[in-house]
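The next block holds one structure in the form of C-alpha cells; read it before the comments.
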Amino acid sequence: AIGPMLREYVVSEAMNALGIPTTRSLAVVATGGVVHREESLPGAVLARVAASHLRVGSFQYARNTGDHDLLRRLADHAIARHHPGSTYLELFAQVVAAQAALVAQWMLVGFIHGVMNTDNMTISGETIDYGPCAFMEAYDPKTKYSSIDHRGRYAYGNQPIIAEWNLARLAEALLPLFADDEDKAVALALETLGTFDGHFEQAWIGGMKAKLGVSGDVKPLLKDLLALMHENHVDFTSFFRDLGKAARGDAEPARSLFLDLARIDAWIARWRELGPDGDAMDRVNPVYIPRNHLVEEALAAGSGGDLGPLERLLDAVTSPYDQRPRLEYFAEPAPQDFSATYRTFCGT
C-alpha cells in the first residue's frame with residue numbers, strides 16, 4: 001500500500017540526514033492497483049537503493065541448500081562488494097562491528113526498527129526494511145510499537161541482544177568457510193561474535209558523550225540520567241536538545257520536562273562540572289525527527305493524494321540539527337493520548 005512506501009521514504013531519508021547508515025529511497029510510484037489489507041488501499045512500489053541488498057537471511061538460504069559452492073560464491077561476492085581482500089572470518093568480523101555500531105546509532109536517536117529478523121539485517125551495515133519502525137518518545141527501554149511484537153522481542157532496549165542473535169545465525173551459516181574442522185570453525189566464530197559487546201559499548205558510550213557534550217567517564221552520570229528520564233517519562237529527543245541550552249546557561253527548558261526537580265537539578269549540577277559544550281551538542285542532538293504522529297498525518301494525506309504534509313515533514317527532518325522559524329510544530333512531542341495507543345504495522 002502507498003502508506004508504508006511513503007513511510008520508508010520519509011524515515012530512510014531522515015536517517016540519512018542523521019548520519020546513520022541506511023538504504024535510500026529513490027522514488028515511490030503509484031501502481032494504480034489495489035492492495036487488500038483490512039480494507040482496500042491504493043498500491044505503490046518503492047525503489048530502494050543500497051550498497052547491496054545482501055542480508056543475513058541470504059547466507060542462511062545459501063547454507064540451507066546444502067550447496068557449499070553456492071555459499072562460497074555468495075561470500076566471495078560479499079567480500080568483493082564490501083571488504084575486498086578479506087578472509088571469510090574477516091568478513092564476519094566486519095559485519096559484527098558494523099551492525100554493533102549501527103544499532104548503537106539507532107538507539108542514540110531513539111529509533112526502534114520493529115522487526116529485526118535475519119532477513120532485515122544487511123551485510124553492509126545499512127538500515128533496511130522500514131516496516132513497523134517508529135521513534136521512541138518518553139524514554140523507556142521496553143518501548144515497542146509494532147502490532148506484531150506482542151512480547152517485546154524487538155523493543156528499544158532489546159535491539160543489541162537481537163542483533164547479536166542474528167549475527168550468531170550468520171556465523172552458523174558461514175561455519176563451513178571458517179575452517180574444515182567444525183570444532184575449530186565454531187571456536188573462531190564464537191571468538192569473533194564475542195567482540196560484539198565491545199563494539200556496541202564503544203559506539204553507545206562514545207555517542208552518549210557527544211550527546212552530553214562531555215568527555216571522560218560518563219557511565220555513572222548516564223546511568224543516573226536514564227533512570228531519572230524513565231521514572232519521569234521524559235521525551236528522549238526533546239531532553240537532549242534542550243540540554244544544549246542548559247550547557248549555555250538556560251537549564252529551564254530541560255528541567256521543566258521532569259516532575260522530580262530536585263533530582264534533575266542535582267544531576268545538572270554534576271553534569272555542568274564536566275564543562276559541557278552546548279554548541280557541539282547541537283550538532284548531534286536533533287531538533288526534528290520523524291515523530292510518529294507527524295508521520296501518520298503525512299501518510300494519511302499522501303494516501304489521499306495530498307503530498308503537502310509529507311513534503312513539509314521531509315523538509316524538517318532532512319535538516320534535523322538546524323532549528324528554524326515556523327517549524328515549531330515539527331519539534332513538539334505527540335499528544336499523550338496518541339502515544340499511549342500508537343501501533344505500527346508492516347504493511348508491505
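Simple scheme: letters A, B, ... for chains in C-alpha cells order, numbers from 1 for residues in each chain, numbers from 1 for ligands in the order shown.
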Filtered DSSP result for range 17-226 of chain A, state strand (DSSP E or B), as a PyMOL selection string
chain A and resi 22+24-36+40-49+55+111-112+122+127+134-135+138+146
With only C-alpha atoms counted and 12 Å as the cut-off, give the residues of range 60-176 of chain A in contact with range 208-220 of chain A, each with its shortest interatomic distance in Å and the pair that gives it, as a Markdown table.
| residue | atom | partner | partner_atom | distance |
| --- | --- | --- | --- | --- |
| A:Ala104 | CA | A:Met208 | CA | 9.8 |
| A:Gln105 | CA | A:Met208 | CA | 9.9 |
| A:Met107 | CA | A:Met208 | CA | 10.1 |
| A:Leu108 | CA | A:Met208 | CA | 7.1 |
| A:Val109 | CA | A:Lys211 | CA | 9.8 |
With a cut-off of 8 Å, could you pull out the residues of range 268-288 of chain A touching range 239-243 of chain A and give me the nearest pair of atoms for each, distance in Å to one decimal, using only C-alpha atoms, ordered by chain and ascending number, as a tab-separated table?
residue	atom	partner	partner_atom	distance
A:Gly278	CA	A:Leu243	CA	7.7
A:Met281	CA	A:Arg241	CA	7.6
A:Asp282	CA	A:Arg241	CA	6.6
A:Asn285	CA	A:Arg241	CA	5.3
A:Pro286	CA	A:Arg241	CA	6.5
A:Val287	CA	A:Arg241	CA	6.3
Interface rows for range 27-90 of chain A against range 110-132 of chain A: nearest pair, Å to one decimal, 8 Å, only C-alpha atoms, as a tab-separated table:
residue	atom	partner	partner_atom	distance
A:Ala50	CA	A:Glu126	CA	7.7
A:Ala51	CA	A:Ser124	CA	6.7
A:Ser52	CA	A:Ser124	CA	6.8
A:His53	CA	A:Thr122	CA	6.8
A:Leu54	CA	A:Thr122	CA	5.8
A:Arg55	CA	A:Thr122	CA	4.1
A:Val56	CA	A:Thr118	CA	5.3
A:Gly57	CA	A:Asp119	CA	4.4
A:Ser58	CA	A:Asp119	CA	7.2
A:Ala78	CA	A:Ile123	CA	7.6
A:His82	CA	A:Ser124	CA	6.7
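The space between CA of Glu332 in chain A and CA of Ala301 in chain A spans 19.6 Å.
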Determine, counting only C-alpha atoms, which protein, DNA and RNA residues have an atom within 8 Å of an atom of range 316-329 of chain A; residues of the same chain fewer than 5 positions away are not included. Present the result as a ChimeraX atom specification.
/A:13-14,16-18,282-290
Store the residues picked out above in a file with N, CA and C atoms, as a CSV table (one decimal), in the first residue's frame.
chain,number,residue,atom,x,y,z
A,13,GLU,N,15.1,8.7,4.6
A,13,GLU,CA,15.8,10.0,4.3
A,13,GLU,C,16.1,10.7,5.5
A,14,ALA,N,15.3,10.6,6.5
A,14,ALA,CA,15.6,11.2,7.8
A,14,ALA,C,16.8,10.6,8.5
A,16,ASN,N,19.3,9.1,6.9
A,16,ASN,CA,20.4,9.5,6.2
A,16,ASN,C,20.9,10.9,6.7
A,17,ALA,N,19.9,11.8,6.9
A,17,ALA,CA,20.3,13.1,7.3
A,17,ALA,C,20.8,13.1,8.7
A,18,LEU,N,20.5,12.1,9.5
A,18,LEU,CA,21.0,12.0,10.9
A,18,LEU,C,22.4,11.4,10.9
A,282,ASP,N,24.5,20.5,20.0
A,282,ASP,CA,23.5,20.8,19.0
A,282,ASP,C,23.8,20.2,17.7
A,283,ARG,N,25.1,19.8,17.5
A,283,ARG,CA,25.4,19.2,16.2
A,283,ARG,C,25.1,17.7,16.2
A,284,VAL,N,24.8,17.1,17.3
A,284,VAL,CA,24.5,15.7,17.4
A,284,VAL,C,23.1,15.4,17.9
A,285,ASN,N,22.4,16.4,18.6
A,285,ASN,CA,21.1,16.2,19.1
A,285,ASN,C,20.1,16.8,18.2
A,286,PRO,N,19.3,16.1,17.5
A,286,PRO,CA,18.4,16.7,16.5
A,286,PRO,C,17.2,17.4,17.1
A,287,VAL,N,16.8,18.5,16.4
A,287,VAL,CA,15.5,19.2,16.8
A,287,VAL,C,14.4,18.4,16.2
A,288,TYR,N,14.6,17.9,15.0
A,288,TYR,CA,13.5,17.3,14.2
A,288,TYR,C,13.8,15.9,13.9
A,289,ILE,N,12.9,15.0,14.3
A,289,ILE,CA,12.9,13.6,13.8
A,289,ILE,C,11.5,13.3,13.2
A,290,PRO,N,11.4,12.2,12.6
A,290,PRO,CA,10.0,11.8,12.1
A,290,PRO,C,9.1,11.3,13.2
Quick one, how far is CA of Thr22 in chain A from CA of Glu8 in chain A?
10.8 Å
Would you kindly return, as a list in words, each protein, DNA or RNA residue with an atom no farther than 8 Å from any atom of range 42-48 of chain A, considering only C-alpha atoms and excluding same-chain residues fewer than 5 positions away?
Ala1, Ile2, Met5, Tyr9, Thr23, Arg24, Ser25, Leu26, Ala27, Val28, Val29, Ala30, Thr31, Gly32, Gly33, Val34, Val35 and Ser303 of chain A
Store the residues picked out above in a file with N, CA, C and O atoms, as a PDB file, in the first residue's frame.
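Saved the output as again_14.pdb:
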ATOM      1  N   ALA A   1       0.843  -1.200   0.000  1.00  0.00           N
ATOM      2  CA  ALA A   1       0.000   0.000   0.000  1.00  0.00           C
ATOM      3  C   ALA A   1       0.877   1.249   0.000  1.00  0.00           C
ATOM      4  O   ALA A   1       2.034   1.214   0.439  1.00  0.00           O
ATOM      5  N   ILE A   2       0.316   2.348  -0.466  1.00  0.00           N
ATOM      6  CA  ILE A   2       1.134   3.545  -0.632  1.00  0.00           C
ATOM      7  C   ILE A   2       1.633   4.104   0.706  1.00  0.00           C
ATOM      8  O   ILE A   2       2.748   4.644   0.799  1.00  0.00           O
ATOM      9  N   MET A   5       4.954   2.611   1.854  1.00  0.00           N
ATOM     10  CA  MET A   5       6.018   3.026   0.937  1.00  0.00           C
ATOM     11  C   MET A   5       6.466   4.453   1.242  1.00  0.00           C
ATOM     12  O   MET A   5       7.654   4.773   1.242  1.00  0.00           O
ATOM     13  N   TYR A   9      10.113   6.055   2.673  1.00  0.00           N
ATOM     14  CA  TYR A   9      10.747   7.210   2.032  1.00  0.00           C
ATOM     15  C   TYR A   9      11.121   8.260   3.079  1.00  0.00           C
ATOM     16  O   TYR A   9      12.262   8.719   3.142  1.00  0.00           O
ATOM     17  N   THR A  23      19.771   2.285   3.743  1.00  0.00           N
ATOM     18  CA  THR A  23      19.349   2.267   2.357  1.00  0.00           C
ATOM     19  C   THR A  23      18.655   3.598   2.077  1.00  0.00           C
ATOM     20  O   THR A  23      18.225   4.293   2.996  1.00  0.00           O
ATOM     21  N   ARG A  24      18.565   3.955   0.811  1.00  0.00           N
ATOM     22  CA  ARG A  24      17.924   5.216   0.449  1.00  0.00           C
ATOM     23  C   ARG A  24      16.683   4.928  -0.395  1.00  0.00           C
ATOM     24  O   ARG A  24      16.564   3.871  -1.018  1.00  0.00           O
ATOM     25  N   SER A  25      15.793   5.905  -0.425  1.00  0.00           N
ATOM     26  CA  SER A  25      14.570   5.775  -1.213  1.00  0.00           C
ATOM     27  C   SER A  25      14.681   6.663  -2.441  1.00  0.00           C
ATOM     28  O   SER A  25      14.757   7.886  -2.328  1.00  0.00           O
ATOM     29  N   LEU A  26      14.712   6.029  -3.594  1.00  0.00           N
ATOM     30  CA  LEU A  26      14.838   6.770  -4.844  1.00  0.00           C
ATOM     31  C   LEU A  26      13.505   7.361  -5.269  1.00  0.00           C
ATOM     32  O   LEU A  26      13.428   8.514  -5.685  1.00  0.00           O
ATOM     33  N   ALA A  27      12.448   6.567  -5.147  1.00  0.00           N
ATOM     34  CA  ALA A  27      11.140   7.041  -5.590  1.00  0.00           C
ATOM     35  C   ALA A  27      10.043   6.131  -5.066  1.00  0.00           C
ATOM     36  O   ALA A  27      10.269   4.953  -4.791  1.00  0.00           O
ATOM     37  N   VAL A  28       8.861   6.694  -4.918  1.00  0.00           N
ATOM     38  CA  VAL A  28       7.644   5.926  -4.676  1.00  0.00           C
ATOM     39  C   VAL A  28       6.729   6.162  -5.867  1.00  0.00           C
ATOM     40  O   VAL A  28       6.464   7.318  -6.220  1.00  0.00           O
ATOM     41  N   VAL A  29       6.288   5.075  -6.488  1.00  0.00           N
ATOM     42  CA  VAL A  29       5.472   5.177  -7.700  1.00  0.00           C
ATOM     43  C   VAL A  29       4.139   4.472  -7.471  1.00  0.00           C
ATOM     44  O   VAL A  29       4.108   3.290  -7.100  1.00  0.00           O
ATOM     45  N   ALA A  30       3.056   5.198  -7.660  1.00  0.00           N
ATOM     46  CA  ALA A  30       1.728   4.590  -7.541  1.00  0.00           C
ATOM     47  C   ALA A  30       1.531   3.588  -8.672  1.00  0.00           C
ATOM     48  O   ALA A  30       1.900   3.850  -9.822  1.00  0.00           O
ATOM     49  N   THR A  31       0.965   2.426  -8.351  1.00  0.00           N
ATOM     50  CA  THR A  31       0.768   1.386  -9.366  1.00  0.00           C
ATOM     51  C   THR A  31      -0.585   1.499 -10.056  1.00  0.00           C
ATOM     52  O   THR A  31      -0.779   0.951 -11.138  1.00  0.00           O
ATOM     53  N   GLY A  32      -1.521   2.179  -9.409  1.00  0.00           N
ATOM     54  CA  GLY A  32      -2.874   2.210  -9.934  1.00  0.00           C
ATOM     55  C   GLY A  32      -3.674   0.983  -9.531  1.00  0.00           C
ATOM     56  O   GLY A  32      -4.879   0.905  -9.776  1.00  0.00           O
ATOM     57  N   GLY A  33      -3.003   0.025  -8.883  1.00  0.00           N
ATOM     58  CA  GLY A  33      -3.679  -1.174  -8.423  1.00  0.00           C
ATOM     59  C   GLY A  33      -4.187  -1.014  -6.999  1.00  0.00           C
ATOM     60  O   GLY A  33      -3.971   0.006  -6.342  1.00  0.00           O
ATOM     61  N   VAL A  34      -4.839  -2.049  -6.521  1.00  0.00           N
ATOM     62  CA  VAL A  34      -5.418  -2.039  -5.179  1.00  0.00           C
ATOM     63  C   VAL A  34      -4.753  -3.133  -4.350  1.00  0.00           C
ATOM     64  O   VAL A  34      -4.565  -4.264  -4.819  1.00  0.00           O
ATOM     65  N   VAL A  35      -4.389  -2.789  -3.109  1.00  0.00           N
ATOM     66  CA  VAL A  35      -3.822  -3.752  -2.170  1.00  0.00           C
ATOM     67  C   VAL A  35      -4.887  -4.070  -1.132  1.00  0.00           C
ATOM     68  O   VAL A  35      -5.456  -3.160  -0.519  1.00  0.00           O
ATOM     69  N   SER A 303      -1.707   9.282   1.156  1.00  0.00           N
ATOM     70  CA  SER A 303      -2.511   8.184   0.610  1.00  0.00           C
ATOM     71  C   SER A 303      -3.746   8.706  -0.102  1.00  0.00           C
ATOM     72  O   SER A 303      -4.279   8.052  -0.996  1.00  0.00           O
TER      73      SER A 303
END
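With only C-alpha atoms as the atoms that count, the residue of A:Val96, A:Tyr156, A:Ile148, A:Glu172 with the shortest distance to Ala134 in chain A is A:Tyr156.
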Please list as a PDB file with N, CA, C and O atoms, in the first residue's frame every residue within 9 Å of range 83-90 of chain A, counting only C-alpha atoms and excluding residues in the same chain fewer than 3 positions away.
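Output below, filename around_0.pdb:
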ATOM      1  N   ARG A  72      29.985 -20.354  -0.825  1.00  0.00           N
ATOM      2  CA  ARG A  72      31.297 -19.735  -1.044  1.00  0.00           C
ATOM      3  C   ARG A  72      31.210 -18.608  -2.076  1.00  0.00           C
ATOM      4  O   ARG A  72      31.798 -17.542  -1.897  1.00  0.00           O
ATOM      5  N   ALA A  75      29.631 -15.600  -0.449  1.00  0.00           N
ATOM      6  CA  ALA A  75      30.580 -14.931   0.436  1.00  0.00           C
ATOM      7  C   ALA A  75      31.650 -14.189  -0.365  1.00  0.00           C
ATOM      8  O   ALA A  75      32.047 -13.070  -0.012  1.00  0.00           O
ATOM      9  N   ASP A  76      32.109 -14.795  -1.440  1.00  0.00           N
ATOM     10  CA  ASP A  76      33.108 -14.130  -2.291  1.00  0.00           C
ATOM     11  C   ASP A  76      32.542 -12.835  -2.872  1.00  0.00           C
ATOM     12  O   ASP A  76      33.244 -11.822  -2.978  1.00  0.00           O
ATOM     13  N   ALA A  78      30.154 -10.995  -1.521  1.00  0.00           N
ATOM     14  CA  ALA A  78      30.045 -10.028  -0.420  1.00  0.00           C
ATOM     15  C   ALA A  78      31.400  -9.398  -0.121  1.00  0.00           C
ATOM     16  O   ALA A  78      31.498  -8.179   0.120  1.00  0.00           O
ATOM     17  N   ILE A  79      32.460 -10.204  -0.128  1.00  0.00           N
ATOM     18  CA  ILE A  79      33.802  -9.677   0.122  1.00  0.00           C
ATOM     19  C   ILE A  79      34.207  -8.705  -0.979  1.00  0.00           C
ATOM     20  O   ILE A  79      34.698  -7.604  -0.713  1.00  0.00           O
ATOM     21  N   ALA A  80      34.007  -9.095  -2.228  1.00  0.00           N
ATOM     22  CA  ALA A  80      34.372  -8.218  -3.349  1.00  0.00           C
ATOM     23  C   ALA A  80      33.580  -6.921  -3.311  1.00  0.00           C
ATOM     24  O   ALA A  80      34.106  -5.849  -3.637  1.00  0.00           O
ATOM     25  N   ALA A  93      33.770 -10.671  10.894  1.00  0.00           N
ATOM     26  CA  ALA A  93      34.179  -9.685  11.900  1.00  0.00           C
ATOM     27  C   ALA A  93      33.748  -8.275  11.505  1.00  0.00           C
ATOM     28  O   ALA A  93      33.307  -7.482  12.357  1.00  0.00           O
ATOM     29  N   GLN A  94      33.854  -7.965  10.220  1.00  0.00           N
ATOM     30  CA  GLN A  94      33.451  -6.641   9.733  1.00  0.00           C
ATOM     31  C   GLN A  94      31.950  -6.441   9.889  1.00  0.00           C
ATOM     32  O   GLN A  94      31.489  -5.359  10.249  1.00  0.00           O
ATOM     33  N   VAL A  95      31.183  -7.487   9.610  1.00  0.00           N
ATOM     34  CA  VAL A  95      29.729  -7.384   9.748  1.00  0.00           C
ATOM     35  C   VAL A  95      29.348  -7.209  11.215  1.00  0.00           C
ATOM     36  O   VAL A  95      28.473  -6.407  11.551  1.00  0.00           O
ATOM     37  N   LEU A 174      28.037 -19.452   7.968  1.00  0.00           N
ATOM     38  CA  LEU A 174      29.376 -19.338   7.395  1.00  0.00           C
ATOM     39  C   LEU A 174      30.363 -20.377   7.923  1.00  0.00           C
ATOM     40  O   LEU A 174      31.503 -20.441   7.442  1.00  0.00           O
ATOM     41  N   LEU A 177      33.036 -22.210   5.917  1.00  0.00           N
ATOM     42  CA  LEU A 177      34.069 -21.385   5.288  1.00  0.00           C
ATOM     43  C   LEU A 177      35.153 -20.949   6.260  1.00  0.00           C
ATOM     44  O   LEU A 177      36.219 -20.498   5.834  1.00  0.00           O
ATOM     45  N   PHE A 178      34.897 -21.074   7.547  1.00  0.00           N
ATOM     46  CA  PHE A 178      35.876 -20.626   8.545  1.00  0.00           C
ATOM     47  C   PHE A 178      37.014 -21.621   8.724  1.00  0.00           C
ATOM     48  O   PHE A 178      38.161 -21.243   8.940  1.00  0.00           O
ATOM     49  N   LEU A 188      36.340 -20.237  16.325  1.00  0.00           N
ATOM     50  CA  LEU A 188      36.646 -18.972  15.650  1.00  0.00           C
ATOM     51  C   LEU A 188      35.416 -18.072  15.580  1.00  0.00           C
ATOM     52  O   LEU A 188      35.501 -16.854  15.785  1.00  0.00           O
ATOM     53  N   ALA A 189      34.269 -18.686  15.284  1.00  0.00           N
ATOM     54  CA  ALA A 189      33.026 -17.916  15.190  1.00  0.00           C
ATOM     55  C   ALA A 189      32.660 -17.299  16.536  1.00  0.00           C
ATOM     56  O   ALA A 189      32.289 -16.118  16.613  1.00  0.00           O
ATOM     57  N   THR A 192      34.925 -14.350  17.476  1.00  0.00           N
ATOM     58  CA  THR A 192      34.606 -13.138  16.712  1.00  0.00           C
ATOM     59  C   THR A 192      33.276 -12.542  17.151  1.00  0.00           C
ATOM     60  O   THR A 192      33.159 -11.318  17.321  1.00  0.00           O
TER      61      THR A 192
END
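Distances from A:Phe59, A:Trp267, A:Phe236, A:Phe345 to Tyr139 in chain A were compared using only C-alpha atoms, and the smallest one belongs to A:Phe236.
All residues of protein, DNA or RNA that reach within 7 Å of range 157-164 of chain A, judged by only C-alpha atoms and not counting those fewer than 4 positions away in the chain, are Val103, Pro141, Lys142, Arg153, Ala168 and Phe196 of chain A.
The spacing separating CA of Trp165 in chain A from CA of Trp106 in chain A amounts to 17.2 Å.
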Taking the DSSP assignment computed from this structure's backbone, write out as a ChimeraX atom specification all residues of range 55-211 of chain A that belong to alpha helix (DSSP H).
/A:56-64,68-82,88-108,159-178,182-193,196-211
